Structure formats: C-alpha cells, structure tokens
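First the structure, in the form of structure tokens, and then the observations on it.
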Amino acid sequence: MIRRPPAVVCYICGREYGTKSISIHEPQCLKKWHNENNLLPKELRRPVPKKPEVRTITAKGFYDLDALNEAAWTSAQSQLVPCNVCGRTFLPDRLIVHQRSCKPKAAK
C-alpha cells in the first residue's frame, strides 16, 4: 500500500502543501491575499483571514493533522462570497468575473 506524505491545508487559499513547505507558503500566500484584496471594490473587501488555532497534541507529541486541516479548510471556505443572482460562492476577485456572465433563471 502506497501512503501519501502528510499534507497541511493552507488556511488562506485552501490548497494542500507538505509539512515542510507550508511555513514558506503561508507568508507568501498572505501577501498575495493582501495585494488582491486591495484591488477589490470596497464592498467586496474581506477581513484578514485568521490562522485557526488547533492545540490538540497526540500522545506521541504531534499535532492532530486532521483537526488542523479541517480548521484550515473551514477558514478558507469562510472567505467565499455568494453571488447575489445565483447564490454560488466564489473568492471575491472571481465573483466580479462570474457576475459578468451570471443571468437570472427565466421562469417557465
């Protein structure tokens, strides 16, 4: 049986990264998030994502990776904004692109 190496979910973008590279990725991702958030119209700007704190440590002295990933995924999903026409959720910068083509469903 082949086992995947442990991965950690980024609390900002929701992507998976290796346990060694997540500490490099997060500051860069947060900087990118700030740059993109500042370009959005004021009504679509979001508060800075907060890093979830999961303090459960197993008997062997390791963090509970599943709990940490679940909290990070929830944090990343909470940043999504619903479309006011169809209700689908998007990252704020992608919502602008989506709204150009989103049309209300015609009543039959």
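We label chains A, B, ... in the order they appear in the structure tokens, count residues from 1 in each chain, and number ligands from 1 in the order shown.
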
| Which of range 3-108 of chain A fall in alpha helix (DSSP H), as an NGL selection string | :A and (22-39 or 65-77 or 92-101)

| said: DSSP on the backbone: which residues in chain A end up as strand (DSSP E or B)? Give the answer as a ChimeraX atom specification. | reply: /A:7-9,16-18,57,63,81-82,89-90

Would you export the selected residues with N, CA and C atoms as a compact mmCIF listing (two decimals), in the first residue's frame, please?
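Listed below is the output, again-v5.txt:
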# COMPACT_ATOMS: atom_id res chain seq x y z
N ALA A 7 0.11 16.10 4.43
CA ALA A 7 -0.10 17.40 3.82
C ALA A 7 -0.87 18.29 4.77
N VAL A 8 -0.60 19.58 4.68
CA VAL A 8 -1.27 20.57 5.52
C VAL A 8 -2.05 21.51 4.60
N VAL A 9 -3.28 21.84 4.97
CA VAL A 9 -4.12 22.73 4.17
C VAL A 9 -3.82 24.17 4.57
N GLU A 16 -3.38 22.18 -0.51
CA GLU A 16 -2.55 21.32 0.33
C GLU A 16 -1.08 21.55 0.04
N TYR A 17 -0.27 21.57 1.11
CA TYR A 17 1.17 21.72 1.00
C TYR A 17 1.83 20.73 1.95
N GLY A 18 3.06 20.39 1.65
CA GLY A 18 3.82 19.50 2.52
C GLY A 18 4.09 20.16 3.86
N ILE A 57 -2.73 17.88 20.82
CA ILE A 57 -1.48 17.18 20.58
C ILE A 57 -1.69 15.72 20.98
N TYR A 63 0.93 17.25 16.49
CA TYR A 63 -0.36 17.90 16.32
C TYR A 63 -1.31 16.96 15.60
N VAL A 81 -17.62 34.37 -1.16
CA VAL A 81 -18.72 35.33 -1.19
C VAL A 81 -19.80 34.80 -2.12
N PRO A 82 -21.09 34.82 -1.71
CA PRO A 82 -22.15 34.32 -2.60
C PRO A 82 -22.51 35.34 -3.68
N THR A 89 -20.94 30.36 -4.48
CA THR A 89 -19.91 31.11 -3.75
C THR A 89 -18.60 31.12 -4.52
N PHE A 90 -17.90 32.26 -4.41
CA PHE A 90 -16.66 32.48 -5.13
C PHE A 90 -15.70 33.27 -4.25

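Compared by their closest atoms to Ser75 in chain A, and using only C-alpha atoms, the residues A:Cys102, A:Ile96, A:Ile12, A:Val48 rank with A:Ile12 nearest.
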
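In this model, the gap between CA of His34 in chain A and CA of Trp73 in chain A comes to 19.0 Å.
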
| request: Skip Asn35 in chain A itself and residues of its chain fewer than 6 positions away, then list as a PyMOL selection string all residues within 12 Å of it, counting only C-alpha atoms. | output: chain A and resi 28-29+45+48+93

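Considering only C-alpha atoms, the residue among A:Tyr11, A:Trp33, A:Lys42, A:Ile2 positioned nearest to Ala71 in chain A is A:Tyr11.
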
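Minimum distance to Cys13 in chain A across A:His98, A:Asp64, A:Gln79, A:Arg46 (counting only C-alpha atoms) occurs at A:Gln79.
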
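Restricting the calculation to only C-alpha atoms, the smallest distance between Asn69 in chain A and any of A:Arg4, A:Arg15, A:Lys103, A:Lys20 is found for A:Arg15.
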
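Nearest to Leu91 in chain A of all the residues A:Glu70, A:Glu53, A:Glu26, A:Glu36 is A:Glu36, counting only C-alpha atoms.
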